[in-house]
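All remarks here apply to the structure that follows.
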Amino acid sequence: RLATMARDQFARATGLPRSTYLGGGTGITPRRDIAGLNLSRVPAVMLEAGNMRNRTEAALLRSPAFQKKEAAGLAAAAEAARQFEGGAA
């Protein structure tokens, strides 16, 4: 669920399309080979924030204004996860 929330909030904030090369069009690919994810004692996701091989996305990733959009999307995902887990005040 955390991955879905992160994907959706990030896409909403940035307007970037989902990755289609893995995950069957979902943009989500479980990984068993990344210790930071698999050994975490708290929910964790790894998010691909853009594709540097795509000229348009590479230019966006260098833009401070776009970086703020990415940060807002990540913050929204963290807040959605916190509320989902019952941490809302």
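Residue numbers start at 1 in each chain; chains themselves are named A, B, ... in the order of the structure tokens; ligands are numbered from 1 in the order shown.
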
Thr14 in chain A surroundings by only C-alpha atoms, 7 Å radius, close-in-sequence under 3 positions cut, as an mmCIF file with all heavy atoms, in the first residue's frame:
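Written out: around_1.cif:
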data_model
loop_
_atom_site.group_PDB
_atom_site.id
_atom_site.type_symbol
_atom_site.label_atom_id
_atom_site.label_comp_id
_atom_site.auth_asym_id
_atom_site.auth_seq_id
_atom_site.Cartn_x
_atom_site.Cartn_y
_atom_site.Cartn_z
ATOM 1 N N PHE A 10 3.102 11.035 -5.896
ATOM 2 C CA PHE A 10 4.211 11.578 -6.677
ATOM 3 C C PHE A 10 3.732 11.956 -8.078
ATOM 4 O O PHE A 10 4.037 13.038 -8.583
ATOM 5 C CB PHE A 10 5.345 10.555 -6.741
ATOM 6 C CG PHE A 10 6.622 11.119 -7.277
ATOM 7 C CD1 PHE A 10 7.461 11.879 -6.469
ATOM 8 C CD2 PHE A 10 7.010 10.884 -8.580
ATOM 9 C CE1 PHE A 10 8.642 12.401 -6.958
ATOM 10 C CE2 PHE A 10 8.192 11.398 -9.080
ATOM 11 C CZ PHE A 10 9.002 12.157 -8.265
ATOM 12 N N ALA A 11 2.950 11.081 -8.700
ATOM 13 C CA ALA A 11 2.433 11.356 -10.045
ATOM 14 C C ALA A 11 1.497 12.563 -10.027
ATOM 15 O O ALA A 11 1.544 13.406 -10.924
ATOM 16 C CB ALA A 11 1.707 10.129 -10.589
ATOM 17 N N LYS A 69 8.198 20.322 -6.633
ATOM 18 C CA LYS A 69 7.020 19.496 -6.898
ATOM 19 C C LYS A 69 7.265 18.060 -6.428
ATOM 20 O O LYS A 69 6.377 17.427 -5.852
ATOM 21 C CB LYS A 69 6.684 19.485 -8.397
ATOM 22 C CG LYS A 69 6.077 20.756 -8.910
ATOM 23 C CD LYS A 69 5.737 20.596 -10.378
ATOM 24 C CE LYS A 69 5.111 21.848 -10.937
ATOM 25 N NZ LYS A 69 4.752 21.677 -12.357
ATOM 26 N N GLU A 70 8.475 17.556 -6.711
ATOM 27 C CA GLU A 70 8.802 16.193 -6.272
ATOM 28 C C GLU A 70 8.758 16.093 -4.748
ATOM 29 O O GLU A 70 8.194 15.152 -4.191
ATOM 30 C CB GLU A 70 10.181 15.779 -6.772
ATOM 31 C CG GLU A 70 10.227 15.560 -8.256
ATOM 32 C CD GLU A 70 11.589 15.106 -8.716
ATOM 33 O OE1 GLU A 70 12.600 15.733 -8.338
ATOM 34 O OE2 GLU A 70 11.647 14.103 -9.445
#

Atomic separation - CA of Arg41 in chain A relative to CA of Arg18 in chain A, Å: 27.4 Å

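Between CA of Val42 in chain A and CA of Leu74 in chain A lies a distance of 16.5 Å.
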
Going by DSSP on the backbone, which bits of chain A are helix (DSSP H, G or I)? Write them as a ChimeraX atom specification, please. /A:2-14,23-25,35-38,55-61,64-84

Please list as a list of chain:residue names every residue within 12 Å of Ala13 in chain A, counting only C-alpha atoms and excluding residues in the same chain fewer than 2 positions away.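 Everything that qualifies: A:Ala6, A:Arg7, A:Asp8, A:Gln9, A:Phe10, A:Ala11, A:Gly15, A:Leu16, A:Pro17, A:Ala49, A:Ala65, A:Phe66, A:Gln67, A:Lys68, A:Lys69, A:Glu70, A:Ala71, A:Ala72, A:Gly73, A:Leu74, A:Ala75, A:Ala76, A:Ala77.
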
Save the residues we just selected, all heavy atoms, as a compact mmCIF listing (two decimals), in the first residue's frame?
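out.txt was written with the following content:
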# COMPACT_ATOMS: atom_id res chain seq x y z
N ALA A 6 2.74 6.22 -2.56
CA ALA A 6 3.87 7.02 -3.01
C ALA A 6 3.78 7.27 -4.51
O ALA A 6 3.96 8.39 -4.98
CB ALA A 6 5.19 6.33 -2.65
N ARG A 7 3.50 6.21 -5.27
CA ARG A 7 3.38 6.34 -6.73
C ARG A 7 2.30 7.35 -7.09
O ARG A 7 2.52 8.25 -7.90
CB ARG A 7 3.06 4.98 -7.34
CG ARG A 7 2.86 5.03 -8.85
CD ARG A 7 2.06 3.88 -9.38
NE ARG A 7 0.72 3.85 -8.80
CZ ARG A 7 -0.04 2.76 -8.79
NH1 ARG A 7 0.39 1.63 -9.30
NH2 ARG A 7 -1.25 2.80 -8.27
N ASP A 8 1.13 7.22 -6.48
CA ASP A 8 0.00 8.07 -6.85
C ASP A 8 0.21 9.52 -6.44
O ASP A 8 -0.06 10.44 -7.21
CB ASP A 8 -1.29 7.52 -6.23
CG ASP A 8 -1.70 6.18 -6.82
OD1 ASP A 8 -1.12 5.77 -7.85
OD2 ASP A 8 -2.59 5.54 -6.23
N GLN A 9 0.70 9.75 -5.24
CA GLN A 9 0.94 11.13 -4.78
C GLN A 9 2.06 11.79 -5.58
O GLN A 9 1.96 12.97 -5.91
CB GLN A 9 1.28 11.14 -3.28
CG GLN A 9 0.15 10.72 -2.38
CD GLN A 9 -0.99 11.73 -2.35
OE1 GLN A 9 -0.84 12.89 -2.70
NE2 GLN A 9 -2.15 11.27 -1.94
N PHE A 10 3.10 11.03 -5.90
CA PHE A 10 4.21 11.58 -6.68
C PHE A 10 3.73 11.96 -8.08
O PHE A 10 4.04 13.04 -8.58
CB PHE A 10 5.35 10.55 -6.74
CG PHE A 10 6.62 11.12 -7.28
CD1 PHE A 10 7.46 11.88 -6.47
CD2 PHE A 10 7.01 10.88 -8.58
CE1 PHE A 10 8.64 12.40 -6.96
CE2 PHE A 10 8.19 11.40 -9.08
CZ PHE A 10 9.00 12.16 -8.27
N ALA A 11 2.95 11.08 -8.70
CA ALA A 11 2.43 11.36 -10.04
C ALA A 11 1.50 12.56 -10.03
O ALA A 11 1.54 13.41 -10.92
CB ALA A 11 1.71 10.13 -10.59
N GLY A 15 3.12 15.17 -12.31
CA GLY A 15 2.58 14.98 -13.65
C GLY A 15 3.36 13.98 -14.49
O GLY A 15 3.03 13.77 -15.65
N LEU A 16 4.40 13.38 -13.90
CA LEU A 16 5.17 12.39 -14.66
C LEU A 16 4.37 11.11 -14.85
O LEU A 16 3.63 10.70 -13.95
CB LEU A 16 6.48 12.04 -13.93
CG LEU A 16 7.57 13.10 -13.94
CD1 LEU A 16 8.78 12.62 -13.14
CD2 LEU A 16 7.99 13.45 -15.36
N PRO A 17 4.52 10.46 -16.00
CA PRO A 17 3.80 9.20 -16.22
C PRO A 17 4.44 8.06 -15.42
O PRO A 17 5.59 8.15 -14.99
CB PRO A 17 3.96 8.96 -17.72
CG PRO A 17 5.26 9.64 -18.05
CD PRO A 17 5.33 10.84 -17.15
N ALA A 49 12.53 8.78 -9.31
CA ALA A 49 11.99 10.14 -9.43
C ALA A 49 12.01 10.67 -10.86
O ALA A 49 11.50 11.75 -11.12
CB ALA A 49 12.76 11.08 -8.53
N ALA A 65 12.26 24.31 -9.48
CA ALA A 65 10.80 24.33 -9.35
C ALA A 65 10.23 22.92 -9.41
O ALA A 65 9.33 22.57 -8.64
CB ALA A 65 10.20 25.19 -10.46
N PHE A 66 10.78 22.09 -10.30
CA PHE A 66 10.30 20.70 -10.39
C PHE A 66 10.72 19.91 -9.16
O PHE A 66 9.96 19.08 -8.66
CB PHE A 66 10.81 20.04 -11.66
CG PHE A 66 10.21 18.68 -11.87
CD1 PHE A 66 8.90 18.55 -12.30
CD2 PHE A 66 10.94 17.54 -11.62
CE1 PHE A 66 8.33 17.29 -12.47
CE2 PHE A 66 10.38 16.29 -11.79
CZ PHE A 66 9.07 16.17 -12.22
N GLN A 67 11.91 20.17 -8.65
CA GLN A 67 12.36 19.49 -7.44
C GLN A 67 11.41 19.78 -6.27
O GLN A 67 11.14 18.90 -5.45
CB GLN A 67 13.79 19.91 -7.10
CG GLN A 67 14.80 19.40 -8.11
CD GLN A 67 16.17 20.03 -7.94
OE1 GLN A 67 16.43 20.75 -6.99
NE2 GLN A 67 17.05 19.74 -8.89
N LYS A 68 10.87 20.99 -6.23
CA LYS A 68 9.89 21.33 -5.19
C LYS A 68 8.61 20.52 -5.37
O LYS A 68 7.99 20.09 -4.40
CB LYS A 68 9.59 22.83 -5.20
CG LYS A 68 10.71 23.66 -4.63
CD LYS A 68 10.37 25.13 -4.63
CE LYS A 68 11.55 25.93 -4.09
NZ LYS A 68 11.28 27.36 -4.07
N LYS A 69 8.20 20.32 -6.63
CA LYS A 69 7.02 19.50 -6.90
C LYS A 69 7.27 18.06 -6.43
O LYS A 69 6.38 17.43 -5.85
CB LYS A 69 6.68 19.48 -8.40
CG LYS A 69 6.08 20.76 -8.91
CD LYS A 69 5.74 20.60 -10.38
CE LYS A 69 5.11 21.85 -10.94
NZ LYS A 69 4.75 21.68 -12.36
N GLU A 70 8.48 17.56 -6.71
CA GLU A 70 8.80 16.19 -6.27
C GLU A 70 8.76 16.09 -4.75
O GLU A 70 8.19 15.15 -4.19
CB GLU A 70 10.18 15.78 -6.77
CG GLU A 70 10.23 15.56 -8.26
CD GLU A 70 11.59 15.11 -8.72
OE1 GLU A 70 12.60 15.73 -8.34
OE2 GLU A 70 11.65 14.10 -9.45
N ALA A 71 9.34 17.07 -4.08
CA ALA A 71 9.35 17.07 -2.61
C ALA A 71 7.92 17.13 -2.07
O ALA A 71 7.59 16.43 -1.10
CB ALA A 71 10.18 18.25 -2.10
N ALA A 72 7.07 17.93 -2.69
CA ALA A 72 5.68 18.03 -2.25
C ALA A 72 4.97 16.69 -2.43
O ALA A 72 4.18 16.27 -1.57
CB ALA A 72 4.96 19.13 -3.02
N GLY A 73 5.25 16.00 -3.53
CA GLY A 73 4.64 14.69 -3.77
C GLY A 73 5.09 13.66 -2.74
O GLY A 73 4.27 12.87 -2.25
N LEU A 74 6.36 13.68 -2.40
CA LEU A 74 6.87 12.75 -1.39
C LEU A 74 6.29 13.06 -0.02
O LEU A 74 5.93 12.15 0.74
CB LEU A 74 8.39 12.78 -1.37
CG LEU A 74 9.08 12.24 -2.62
CD1 LEU A 74 10.57 12.47 -2.53
CD2 LEU A 74 8.75 10.78 -2.82
N ALA A 75 6.18 14.33 0.31
CA ALA A 75 5.59 14.72 1.58
C ALA A 75 4.13 14.30 1.65
O ALA A 75 3.66 13.81 2.68
CB ALA A 75 5.74 16.23 1.79
N ALA A 76 3.41 14.47 0.56
CA ALA A 76 2.00 14.06 0.51
C ALA A 76 1.88 12.54 0.68
O ALA A 76 0.98 12.06 1.36
CB ALA A 76 1.36 14.51 -0.80
N ALA A 77 2.79 11.81 0.08
CA ALA A 77 2.78 10.35 0.23
C ALA A 77 3.05 9.94 1.67
O ALA A 77 2.38 9.05 2.22
CB ALA A 77 3.81 9.71 -0.69

Rounded to one decimal place, report the CA of Asn51 in chain A-CA of Asp33 in chain A distance in Å.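 Computing the Euclidean distance for CA of Asn51 in chain A and CA of Asp33 in chain A yields 21.0 Å.
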
Nearest to Leu2 in chain A among A:Ile34, A:Met52, A:Ala58, A:Ile28, with distances taken over only C-alpha atoms: which residue is it?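 Selected residue with least distance to Leu2 in chain A: A:Ile28.
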
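Proximity to Pro43 in chain A was assessed for A:Leu60, A:Ala81, A:Arg55, A:Thr4 counting only C-alpha atoms; the smallest distance is recorded for A:Ala81.
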
If we count only C-alpha atoms, what is near Ser19 in chain A at a cut-off of 9 Å, once residues fewer than 6 positions away on the same chain are taken out, given as a list in words?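 Counting only the stated atoms, we get Gly25, Thr26, Gly27, Ile28, Glu48, Gly50 and Asn51 of chain A.
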